[in-house]
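*Asks:* The structure that follows is given in the form of structure tokens.
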Amino acid sequence: MDILQKWFPFNYNDIRESKQPKQFLKSQEEQTTVFCFPSAGSSASLYRPWYQATKQNPAVNFVPVEIPGRGNHITAPNAKSIDELIERFLAVFLEVPHNSYILYGHSFGAVVAFQLAYTIQQKGLPLPEKLIVAGRHAPHMKDPSPLNSVSSDEEMIAEIKAMGGTPDVVLNHPEMLKFMLTQLRADLRTHESFKYTGQKLQIPIEAHCGTQDDANKTVVEYWKDVAESEFLLKEFQGHHFFIQSLGESYLNTLLNSINTAKKSFF
């Protein structure tokens with residue numbers, strides 16, 4: 001299995017087989033690519049429905065990212081820090097040509113996408129059109145979630161059930177549940193390595209929140225403080241995994257946001 005298949009389990013063939021790889025992420029003149037980073041304990045499969053629903057869409061190209069330690073990337077060690085994860089991703093990202101693109105992250109994935117955008121900005125690389133974050137407090141604010149890497153298994157399971165989004169087949173299968181908790185704990189350790197030192201982005205930030213999530217509207221609106229450009233907040237009905245429970249309605253809203261960014265870019 002090559003490195004592209006590990007990081008991009010649903011798009012690697014398109015990247016690898018393209019005779020003109022510089023056109024892969026912009027096969028249409030106005031196509032926007034959206035790199036999607038999963039929440040803690042999740043994998044690129046979180047975004048598979050979006051990829052499947054839009055893979056024939058000439059305007060939007062969803063690229064779910066598989067971080068080390070799960071899925072196709074299961075044999076790779078988990079990143080010990082956010083900075084290490086970004087460094088490892090950038091080594092591949094810089095080899096995958098891209099033009100018009102957006103970074104998207106849910107929960108843990110939101111801070112990964114934020115720090116990635118900031119690193120790209122600091123390195124003077126081509127910036128994404130927009131950062132879209134969902135289900136996470138602003139990087140400079142206190143985490144409202146009671147979950148952390150030293151929580152007991154019982155505490156983790158209770159919080160997972162409260163957040164929703166985890167299939168019953170996993171919750172009711174001891175071995176699958178144990179494996180998921182191991183991944184979740186590893187991601188939480190990586191998450192806890194993040195330090196806010198005044199990072200602000202020069203690109204628009206759009207933040208999404210669930211009405212019944214710990215990261216609700218009151219919490220999520222503080223993302224405006226790290227946006228030097230435009231900021232937009234959108235509220236949705238649901239718990240932490242509203243991006244899943246709302247299904248097609250959320251995807252349609254997301255596509256509208258992407259298309260809006262595309263119009264401002266071109």
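Letters A, B, ... go to the chains of the structure tokens in the order shown; residues in each chain start at 1; ligands are counted from 1 in the same order.
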Write out as an mmCIF file with N, CA and C atoms, in the first residue's frame all residues of range 14-223 of chain A that DSSP puts in alpha helix (DSSP H) for this structure's backbone.

*Replies:*
data_model
loop_
_atom_site.group_PDB
_atom_site.id
_atom_site.type_symbol
_atom_site.label_atom_id
_atom_site.label_comp_id
_atom_site.auth_asym_id
_atom_site.auth_seq_id
_atom_site.Cartn_x
_atom_site.Cartn_y
_atom_site.Cartn_z
ATOM 1 N N ASP A 14 -7.437 8.276 -8.216
ATOM 2 C CA ASP A 14 -7.542 9.463 -9.061
ATOM 3 C C ASP A 14 -6.235 10.252 -9.054
ATOM 4 N N ILE A 15 -5.615 10.330 -7.892
ATOM 5 C CA ILE A 15 -4.353 11.059 -7.780
ATOM 6 C C ILE A 15 -3.247 10.313 -8.509
ATOM 7 N N ARG A 16 -3.125 9.027 -8.207
ATOM 8 C CA ARG A 16 -2.010 8.223 -8.711
ATOM 9 C C ARG A 16 -2.090 7.999 -10.214
ATOM 10 N N GLU A 17 -3.305 7.802 -10.735
ATOM 11 C CA GLU A 17 -3.447 7.438 -12.131
ATOM 12 C C GLU A 17 -3.531 8.640 -13.073
ATOM 13 N N ARG A 48 -17.149 9.370 4.224
ATOM 14 C CA ARG A 48 -17.382 8.564 3.025
ATOM 15 C C ARG A 48 -18.726 8.885 2.359
ATOM 16 N N PRO A 49 -19.819 9.089 3.123
ATOM 17 C CA PRO A 49 -21.094 9.440 2.468
ATOM 18 C C PRO A 49 -21.002 10.712 1.628
ATOM 19 N N TRP A 50 -20.209 11.684 2.075
ATOM 20 C CA TRP A 50 -20.054 12.917 1.304
ATOM 21 C C TRP A 50 -19.297 12.632 0.015
ATOM 22 N N TYR A 51 -18.251 11.852 0.118
ATOM 23 C CA TYR A 51 -17.468 11.490 -1.064
ATOM 24 C C TYR A 51 -18.339 10.743 -2.079
ATOM 25 N N GLN A 52 -19.113 9.770 -1.571
ATOM 26 C CA GLN A 52 -19.942 8.963 -2.469
ATOM 27 C C GLN A 52 -21.056 9.791 -3.110
ATOM 28 N N ALA A 53 -21.628 10.711 -2.340
ATOM 29 C CA ALA A 53 -22.753 11.507 -2.843
ATOM 30 C C ALA A 53 -22.323 12.542 -3.874
ATOM 31 N N THR A 54 -21.046 12.911 -3.857
ATOM 32 C CA THR A 54 -20.606 14.022 -4.721
ATOM 33 C C THR A 54 -19.459 13.652 -5.653
ATOM 34 N N ILE A 82 -0.013 17.526 17.679
ATOM 35 C CA ILE A 82 -0.647 18.158 16.520
ATOM 36 C C ILE A 82 0.419 18.565 15.506
ATOM 37 N N ASP A 83 1.509 19.144 15.995
ATOM 38 C CA ASP A 83 2.562 19.613 15.093
ATOM 39 C C ASP A 83 3.175 18.454 14.316
ATOM 40 N N GLU A 84 3.357 17.311 14.981
ATOM 41 C CA GLU A 84 3.899 16.145 14.284
ATOM 42 C C GLU A 84 2.922 15.649 13.223
ATOM 43 N N LEU A 85 1.653 15.613 13.561
ATOM 44 C CA LEU A 85 0.634 15.169 12.612
ATOM 45 C C LEU A 85 0.632 16.067 11.373
ATOM 46 N N ILE A 86 0.703 17.362 11.575
ATOM 47 C CA ILE A 86 0.698 18.303 10.463
ATOM 48 C C ILE A 86 1.957 18.171 9.624
ATOM 49 N N GLU A 87 3.090 18.001 10.269
ATOM 50 C CA GLU A 87 4.347 17.824 9.544
ATOM 51 C C GLU A 87 4.288 16.588 8.646
ATOM 52 N N ARG A 88 3.739 15.495 9.185
ATOM 53 C CA ARG A 88 3.628 14.259 8.401
ATOM 54 C C ARG A 88 2.637 14.417 7.254
ATOM 55 N N PHE A 89 1.539 15.128 7.500
ATOM 56 C CA PHE A 89 0.557 15.348 6.441
ATOM 57 C C PHE A 89 1.113 16.248 5.346
ATOM 58 N N LEU A 90 1.799 17.316 5.738
ATOM 59 C CA LEU A 90 2.319 18.257 4.754
ATOM 60 C C LEU A 90 3.312 17.613 3.802
ATOM 61 N N ALA A 91 4.064 16.635 4.288
ATOM 62 C CA ALA A 91 5.028 15.946 3.433
ATOM 63 C C ALA A 91 4.338 15.302 2.237
ATOM 64 N N VAL A 92 3.082 14.866 2.431
ATOM 65 C CA VAL A 92 2.303 14.264 1.349
ATOM 66 C C VAL A 92 1.484 15.330 0.624
ATOM 67 N N PHE A 93 0.880 16.212 1.378
ATOM 68 C CA PHE A 93 0.027 17.264 0.827
ATOM 69 C C PHE A 93 0.767 18.101 -0.212
ATOM 70 N N PHE A 108 -11.979 17.236 16.975
ATOM 71 C CA PHE A 108 -10.514 17.142 16.940
ATOM 72 C C PHE A 108 -9.990 17.557 15.564
ATOM 73 N N GLY A 109 -10.684 17.144 14.522
ATOM 74 C CA GLY A 109 -10.279 17.496 13.167
ATOM 75 C C GLY A 109 -10.299 18.995 12.914
ATOM 76 N N ALA A 110 -11.130 19.724 13.676
ATOM 77 C CA ALA A 110 -11.217 21.173 13.502
ATOM 78 C C ALA A 110 -9.930 21.861 13.916
ATOM 79 N N VAL A 111 -9.356 21.439 15.037
ATOM 80 C CA VAL A 111 -8.110 22.085 15.478
ATOM 81 C C VAL A 111 -6.939 21.642 14.616
ATOM 82 N N VAL A 112 -6.996 20.406 14.084
ATOM 83 C CA VAL A 112 -5.962 19.963 13.141
ATOM 84 C C VAL A 112 -6.015 20.838 11.887
ATOM 85 N N ALA A 113 -7.224 21.048 11.355
ATOM 86 C CA ALA A 113 -7.379 21.868 10.154
ATOM 87 C C ALA A 113 -6.968 23.316 10.416
ATOM 88 N N PHE A 114 -7.293 23.825 11.607
ATOM 89 C CA PHE A 114 -6.913 25.190 11.974
ATOM 90 C C PHE A 114 -5.400 25.343 12.008
ATOM 91 N N GLN A 115 -4.730 24.443 12.711
ATOM 92 C CA GLN A 115 -3.273 24.553 12.830
ATOM 93 C C GLN A 115 -2.584 24.285 11.492
ATOM 94 N N LEU A 116 -3.174 23.422 10.678
ATOM 95 C CA LEU A 116 -2.643 23.183 9.337
ATOM 96 C C LEU A 116 -2.743 24.469 8.510
ATOM 97 N N ALA A 117 -3.888 25.132 8.554
ATOM 98 C CA ALA A 117 -4.067 26.384 7.813
ATOM 99 C C ALA A 117 -3.053 27.426 8.277
ATOM 100 N N TYR A 118 -2.834 27.488 9.585
ATOM 101 C CA TYR A 118 -1.883 28.465 10.119
ATOM 102 C C TYR A 118 -0.457 28.136 9.686
ATOM 103 N N THR A 119 -0.114 26.849 9.693
ATOM 104 C CA THR A 119 1.224 26.436 9.261
ATOM 105 C C THR A 119 1.441 26.772 7.790
ATOM 106 N N ILE A 120 0.427 26.502 6.967
ATOM 107 C CA ILE A 120 0.496 26.840 5.542
ATOM 108 C C ILE A 120 0.679 28.347 5.377
ATOM 109 N N GLN A 121 -0.049 29.104 6.170
ATOM 110 C CA GLN A 121 0.053 30.567 6.131
ATOM 111 C C GLN A 121 1.457 31.032 6.501
ATOM 112 N N GLN A 122 2.014 30.451 7.559
ATOM 113 C CA GLN A 122 3.349 30.827 8.028
ATOM 114 C C GLN A 122 4.433 30.462 7.026
ATOM 115 N N LYS A 123 4.237 29.381 6.307
ATOM 116 C CA LYS A 123 5.229 28.936 5.320
ATOM 117 C C LYS A 123 5.106 29.679 3.989
ATOM 118 N N ASP A 153 -12.459 4.303 31.091
ATOM 119 C CA ASP A 153 -13.246 3.722 30.008
ATOM 120 C C ASP A 153 -14.728 3.979 30.230
ATOM 121 N N GLU A 154 -15.156 3.866 31.483
ATOM 122 C CA GLU A 154 -16.568 4.071 31.797
ATOM 123 C C GLU A 154 -16.997 5.509 31.493
ATOM 124 N N GLU A 155 -16.140 6.462 31.840
ATOM 125 C CA GLU A 155 -16.448 7.868 31.572
ATOM 126 C C GLU A 155 -16.489 8.129 30.064
ATOM 127 N N MET A 156 -15.558 7.521 29.360
ATOM 128 C CA MET A 156 -15.516 7.686 27.903
ATOM 129 C C MET A 156 -16.764 7.121 27.251
ATOM 130 N N ILE A 157 -17.152 5.934 27.667
ATOM 131 C CA ILE A 157 -18.331 5.291 27.075
ATOM 132 C C ILE A 157 -19.583 6.122 27.330
ATOM 133 N N ALA A 158 -19.710 6.642 28.556
ATOM 134 C CA ALA A 158 -20.874 7.469 28.891
ATOM 135 C C ALA A 158 -20.919 8.721 28.019
ATOM 136 N N GLU A 159 -19.765 9.345 27.800
ATOM 137 C CA GLU A 159 -19.719 10.561 26.992
ATOM 138 C C GLU A 159 -19.965 10.252 25.521
ATOM 139 N N ILE A 160 -19.437 9.132 25.053
ATOM 140 C CA ILE A 160 -19.656 8.719 23.665
ATOM 141 C C ILE A 160 -21.145 8.521 23.401
ATOM 142 N N LYS A 161 -21.822 7.861 24.333
ATOM 143 C CA LYS A 161 -23.256 7.635 24.182
ATOM 144 C C LYS A 161 -24.028 8.952 24.187
ATOM 145 N N ALA A 162 -23.592 9.892 25.036
ATOM 146 C CA ALA A 162 -24.268 11.179 25.126
ATOM 147 C C ALA A 162 -24.100 11.990 23.837
ATOM 148 N N MET A 163 -22.931 11.872 23.217
ATOM 149 C CA MET A 163 -22.666 12.632 21.995
ATOM 150 C C MET A 163 -23.376 12.052 20.786
ATOM 151 N N ASP A 168 -24.493 1.294 17.340
ATOM 152 C CA ASP A 168 -24.745 0.329 18.409
ATOM 153 C C ASP A 168 -23.902 -0.930 18.240
ATOM 154 N N VAL A 169 -23.615 -1.292 16.982
ATOM 155 C CA VAL A 169 -22.823 -2.496 16.749
ATOM 156 C C VAL A 169 -21.443 -2.360 17.381
ATOM 157 N N VAL A 170 -20.921 -1.138 17.461
ATOM 158 C CA VAL A 170 -19.624 -0.898 18.110
ATOM 159 C C VAL A 170 -19.793 -0.883 19.628
ATOM 160 N N LEU A 171 -20.802 -0.171 20.092
ATOM 161 C CA LEU A 171 -21.025 -0.048 21.537
ATOM 162 C C LEU A 171 -21.325 -1.395 22.189
ATOM 163 N N PRO A 174 -17.650 -5.819 22.618
ATOM 164 C CA PRO A 174 -16.540 -5.490 23.517
ATOM 165 C C PRO A 174 -15.204 -5.246 22.815
ATOM 166 N N GLU A 175 -14.842 -6.081 21.845
ATOM 167 C CA GLU A 175 -13.549 -5.918 21.186
ATOM 168 C C GLU A 175 -13.521 -4.672 20.305
ATOM 169 N N MET A 176 -14.606 -4.443 19.570
ATOM 170 C CA MET A 176 -14.674 -3.245 18.733
ATOM 171 C C MET A 176 -14.677 -1.987 19.594
ATOM 172 N N LEU A 177 -15.389 -2.035 20.706
ATOM 173 C CA LEU A 177 -15.453 -0.888 21.606
ATOM 174 C C LEU A 177 -14.077 -0.604 22.213
ATOM 175 N N LYS A 178 -13.382 -1.655 22.611
ATOM 176 C CA LYS A 178 -12.054 -1.490 23.197
ATOM 177 C C LYS A 178 -11.096 -0.855 22.185
ATOM 178 N N PHE A 179 -11.173 -1.325 20.934
ATOM 179 C CA PHE A 179 -10.321 -0.783 19.882
ATOM 180 C C PHE A 179 -10.633 0.693 19.645
ATOM 181 N N MET A 180 -11.929 1.051 19.627
ATOM 182 C CA MET A 180 -12.314 2.432 19.405
ATOM 183 C C MET A 180 -11.839 3.327 20.541
ATOM 184 N N LEU A 181 -11.931 2.834 21.777
ATOM 185 C CA LEU A 181 -11.480 3.614 22.931
ATOM 186 C C LEU A 181 -9.969 3.850 22.875
ATOM 187 N N THR A 182 -9.237 2.867 22.381
ATOM 188 C CA THR A 182 -7.784 3.017 22.239
ATOM 189 C C THR A 182 -7.464 4.118 21.235
ATOM 190 N N GLN A 183 -8.181 4.110 20.105
ATOM 191 C CA GLN A 183 -7.980 5.153 19.101
ATOM 192 C C GLN A 183 -8.385 6.521 19.638
ATOM 193 N N LEU A 184 -9.517 6.560 20.333
ATOM 194 C CA LEU A 184 -10.011 7.809 20.894
ATOM 195 C C LEU A 184 -9.016 8.390 21.888
ATOM 196 N N ARG A 185 -8.482 7.537 22.758
ATOM 197 C CA ARG A 185 -7.539 8.007 23.770
ATOM 198 C C ARG A 185 -6.266 8.557 23.112
ATOM 199 N N ALA A 186 -5.807 7.882 22.064
ATOM 200 C CA ALA A 186 -4.608 8.344 21.343
ATOM 201 C C ALA A 186 -4.857 9.715 20.712
ATOM 202 N N ASP A 187 -6.040 9.888 20.112
ATOM 203 C CA ASP A 187 -6.361 11.170 19.494
ATOM 204 C C ASP A 187 -6.505 12.274 20.544
ATOM 205 N N LEU A 188 -7.054 11.931 21.682
ATOM 206 C CA LEU A 188 -7.184 12.923 22.746
ATOM 207 C C LEU A 188 -5.821 13.373 23.250
ATOM 208 N N ARG A 189 -4.868 12.447 23.317
ATOM 209 C CA ARG A 189 -3.504 12.834 23.714
ATOM 210 C C ARG A 189 -2.903 13.785 22.685
ATOM 211 N N THR A 190 -3.124 13.489 21.409
ATOM 212 C CA THR A 190 -2.642 14.380 20.353
ATOM 213 C C THR A 190 -3.321 15.743 20.464
ATOM 214 N N HIS A 191 -4.621 15.710 20.697
ATOM 215 C CA HIS A 191 -5.404 16.942 20.836
ATOM 216 C C HIS A 191 -4.889 17.805 21.973
ATOM 217 N N GLU A 192 -4.543 17.173 23.070
ATOM 218 C CA GLU A 192 -4.100 17.913 24.258
ATOM 219 C C GLU A 192 -2.717 18.537 24.088
ATOM 220 N N LYS A 217 -23.591 27.209 20.348
ATOM 221 C CA LYS A 217 -23.415 28.508 19.694
ATOM 222 C C LYS A 217 -22.617 29.483 20.552
ATOM 223 N N THR A 218 -22.909 29.517 21.841
ATOM 224 C CA THR A 218 -22.225 30.430 22.742
ATOM 225 C C THR A 218 -20.733 30.147 22.797
ATOM 226 N N VAL A 219 -20.380 28.865 22.716
ATOM 227 C CA VAL A 219 -18.984 28.437 22.772
ATOM 228 C C VAL A 219 -18.283 28.645 21.428
ATOM 229 N N VAL A 220 -18.943 28.235 20.366
ATOM 230 C CA VAL A 220 -18.311 28.201 19.044
ATOM 231 C C VAL A 220 -18.134 29.598 18.435
#

*Asks:* Please return, as a PDB file with C-alpha atoms, in the first residue's frame, all residues of range 80-201 of chain A that DSSP assigns to strand (DSSP E or B) on the basis of the backbone.

*Replies:*
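Full text of selection34.pdb as output:
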ATOM      1  CA  TYR A 101      -9.241  24.157  -1.873  1.00  0.00           C
ATOM      2  CA  ILE A 102     -10.922  24.312   1.527  1.00  0.00           C
ATOM      3  CA  LEU A 103      -9.958  22.726   4.844  1.00  0.00           C
ATOM      4  CA  TYR A 104     -12.763  21.116   6.887  1.00  0.00           C
ATOM      5  CA  GLY A 105     -12.551  19.545  10.335  1.00  0.00           C
ATOM      6  CA  HIS A 106     -15.003  18.193  12.870  1.00  0.00           C
ATOM      7  CA  LYS A 130     -11.776  29.012   3.692  1.00  0.00           C
ATOM      8  CA  LEU A 131     -11.552  27.020   6.925  1.00  0.00           C
ATOM      9  CA  ILE A 132     -14.780  25.290   7.942  1.00  0.00           C
ATOM     10  CA  VAL A 133     -14.886  23.902  11.487  1.00  0.00           C
ATOM     11  CA  ALA A 134     -17.652  21.987  13.231  1.00  0.00           C
ATOM     12  CA  LEU A 201      -5.872  33.192  10.107  1.00  0.00           C
TER      13      LEU A 201
END

*Asks:* Need to verify the contact set: Tyr47 in chain A, 9 Å, only C-alpha atoms, exclusion of same-chain residues closer than 2 positions in sequence. Can you return it as number ranges by chain?

*Replies:* A: 36-38, 43-45, 49-52, 62-65, 244

*Asks:* Generate a file of the selected residues that holds N, CA and C atoms, formatted as a PDB file, in the first residue's frame.

*Replies:*
ATOM      1  N   CYS A  36     -10.946  16.842   4.329  1.00  0.00           N
ATOM      2  CA  CYS A  36     -11.781  16.654   5.521  1.00  0.00           C
ATOM      3  C   CYS A  36     -11.043  15.857   6.593  1.00  0.00           C
ATOM      4  N   PHE A  37     -10.903  16.437   7.779  1.00  0.00           N
ATOM      5  CA  PHE A  37     -10.203  15.802   8.894  1.00  0.00           C
ATOM      6  C   PHE A  37     -11.209  15.308   9.935  1.00  0.00           C
ATOM      7  N   PRO A  38     -11.093  14.039  10.341  1.00  0.00           N
ATOM      8  CA  PRO A  38     -12.100  13.430  11.219  1.00  0.00           C
ATOM      9  C   PRO A  38     -11.958  13.806  12.687  1.00  0.00           C
ATOM     10  N   SER A  43     -12.459   7.891  11.687  1.00  0.00           N
ATOM     11  CA  SER A  43     -11.552   7.691  10.558  1.00  0.00           C
ATOM     12  C   SER A  43     -12.079   8.451   9.354  1.00  0.00           C
ATOM     13  N   ALA A  44     -11.393   8.303   8.235  1.00  0.00           N
ATOM     14  CA  ALA A  44     -11.834   8.954   6.999  1.00  0.00           C
ATOM     15  C   ALA A  44     -13.234   8.506   6.600  1.00  0.00           C
ATOM     16  N   SER A  45     -13.655   7.336   7.073  1.00  0.00           N
ATOM     17  CA  SER A  45     -14.983   6.807   6.747  1.00  0.00           C
ATOM     18  C   SER A  45     -16.107   7.716   7.236  1.00  0.00           C
ATOM     19  N   PRO A  49     -19.819   9.089   3.123  1.00  0.00           N
ATOM     20  CA  PRO A  49     -21.094   9.440   2.468  1.00  0.00           C
ATOM     21  C   PRO A  49     -21.002  10.712   1.628  1.00  0.00           C
ATOM     22  N   TRP A  50     -20.209  11.684   2.075  1.00  0.00           N
ATOM     23  CA  TRP A  50     -20.054  12.917   1.304  1.00  0.00           C
ATOM     24  C   TRP A  50     -19.297  12.632   0.015  1.00  0.00           C
ATOM     25  N   TYR A  51     -18.251  11.852   0.118  1.00  0.00           N
ATOM     26  CA  TYR A  51     -17.468  11.490  -1.064  1.00  0.00           C
ATOM     27  C   TYR A  51     -18.339  10.743  -2.079  1.00  0.00           C
ATOM     28  N   GLN A  52     -19.113   9.770  -1.571  1.00  0.00           N
ATOM     29  CA  GLN A  52     -19.942   8.963  -2.469  1.00  0.00           C
ATOM     30  C   GLN A  52     -21.056   9.791  -3.110  1.00  0.00           C
ATOM     31  N   PHE A  62     -14.604  16.113  -2.524  1.00  0.00           N
ATOM     32  CA  PHE A  62     -14.307  15.819  -1.128  1.00  0.00           C
ATOM     33  C   PHE A  62     -13.153  14.821  -1.042  1.00  0.00           C
ATOM     34  N   VAL A  63     -12.157  15.146  -0.219  1.00  0.00           N
ATOM     35  CA  VAL A  63     -11.010  14.264  -0.002  1.00  0.00           C
ATOM     36  C   VAL A  63     -10.914  13.961   1.499  1.00  0.00           C
ATOM     37  N   PRO A  64     -11.544  12.866   1.963  1.00  0.00           N
ATOM     38  CA  PRO A  64     -11.411  12.477   3.369  1.00  0.00           C
ATOM     39  C   PRO A  64      -9.971  12.095   3.669  1.00  0.00           C
ATOM     40  N   VAL A  65      -9.446  12.576   4.788  1.00  0.00           N
ATOM     41  CA  VAL A  65      -8.061  12.320   5.183  1.00  0.00           C
ATOM     42  C   VAL A  65      -8.026  11.242   6.257  1.00  0.00           C
ATOM     43  N   GLN A 244     -23.510  14.063  10.990  1.00  0.00           N
ATOM     44  CA  GLN A 244     -23.979  12.756  10.517  1.00  0.00           C
ATOM     45  C   GLN A 244     -25.494  12.642  10.603  1.00  0.00           C
TER      46      GLN A 244
END

*Asks:* Quick one: residues within 7 Å of Pro9 in chain A, only C-alpha atoms, excluding same-chain residues fewer than 3 positions away - as a ChimeraX atom specification?

*Replies:* /A:5-6,12,66,72

*Asks:* Next, dump the selected residues to file, keeping only N, CA and C atoms, as a compact mmCIF listing (two decimals), in the first residue's frame.

*Replies:*
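Dumped everything to again.txt:
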# COMPACT_ATOMS: atom_id res chain seq x y z
N GLN A 5 -2.50 6.00 -0.76
CA GLN A 5 -3.63 5.17 -0.34
C GLN A 5 -3.84 5.25 1.16
N LYS A 6 -2.76 5.43 1.91
CA LYS A 6 -2.87 5.54 3.36
C LYS A 6 -3.56 6.84 3.79
N TYR A 12 -7.16 8.04 -3.77
CA TYR A 12 -5.78 7.79 -4.17
C TYR A 12 -5.63 7.36 -5.62
N GLU A 66 -7.18 10.24 6.05
CA GLU A 66 -7.00 9.16 7.03
C GLU A 66 -5.75 9.46 7.84
N ASN A 72 -6.75 2.58 6.50
CA ASN A 72 -5.60 2.23 5.67
C ASN A 72 -4.27 2.59 6.31

*Asks:* Of the candidates A:Phe231, A:Ile203, A:Lys142, A:His137, which one gets nearest to Asn216 in chain A if we count only C-alpha atoms?

*Replies:*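 For Asn216 in chain A, the nearest of the candidates is A:His137.
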
*Asks:* Would you work out the distance separating CA of Asn148 in chain A from CA of Phe194 in chain A, expressed in Å to one decimal?

*Replies:*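 Atom-to-atom, CA of Asn148 in chain A to CA of Phe194 in chain A, that is 13.1 Å.
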
*Asks:* Just checking: using only C-alpha atoms, which residue out of A:Ser100, A:Ser81, A:Ser152, A:Thr166 ends up closest to Ser193 in chain A?

*Replies:*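 Ranked by minimum distance to Ser193 in chain A, first place goes to A:Ser81.
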
*Asks:* To one decimal place in Å, what is the distance between CA of Gly210 in chain A and CA of Arg136 in chain A?

*Replies:* 9.9 Å

*Asks:* Could you work out how far CA of Val60 in chain A lies from CA of Asn252 in chain A, giving the answer in Å with one decimal?

*Replies:*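 Straight-line distance from CA of Asn252 in chain A to CA of Val60 in chain A works out to 11.8 Å.
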
*Asks:* Using only C-alpha atoms, find the one residue out of A:Ser149, A:Trp7, A:Leu254, A:Leu246 that sits nearest to Ala76 in chain A.

*Replies:*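 Ranked by minimum distance to Ala76 in chain A, first place goes to A:Trp7.
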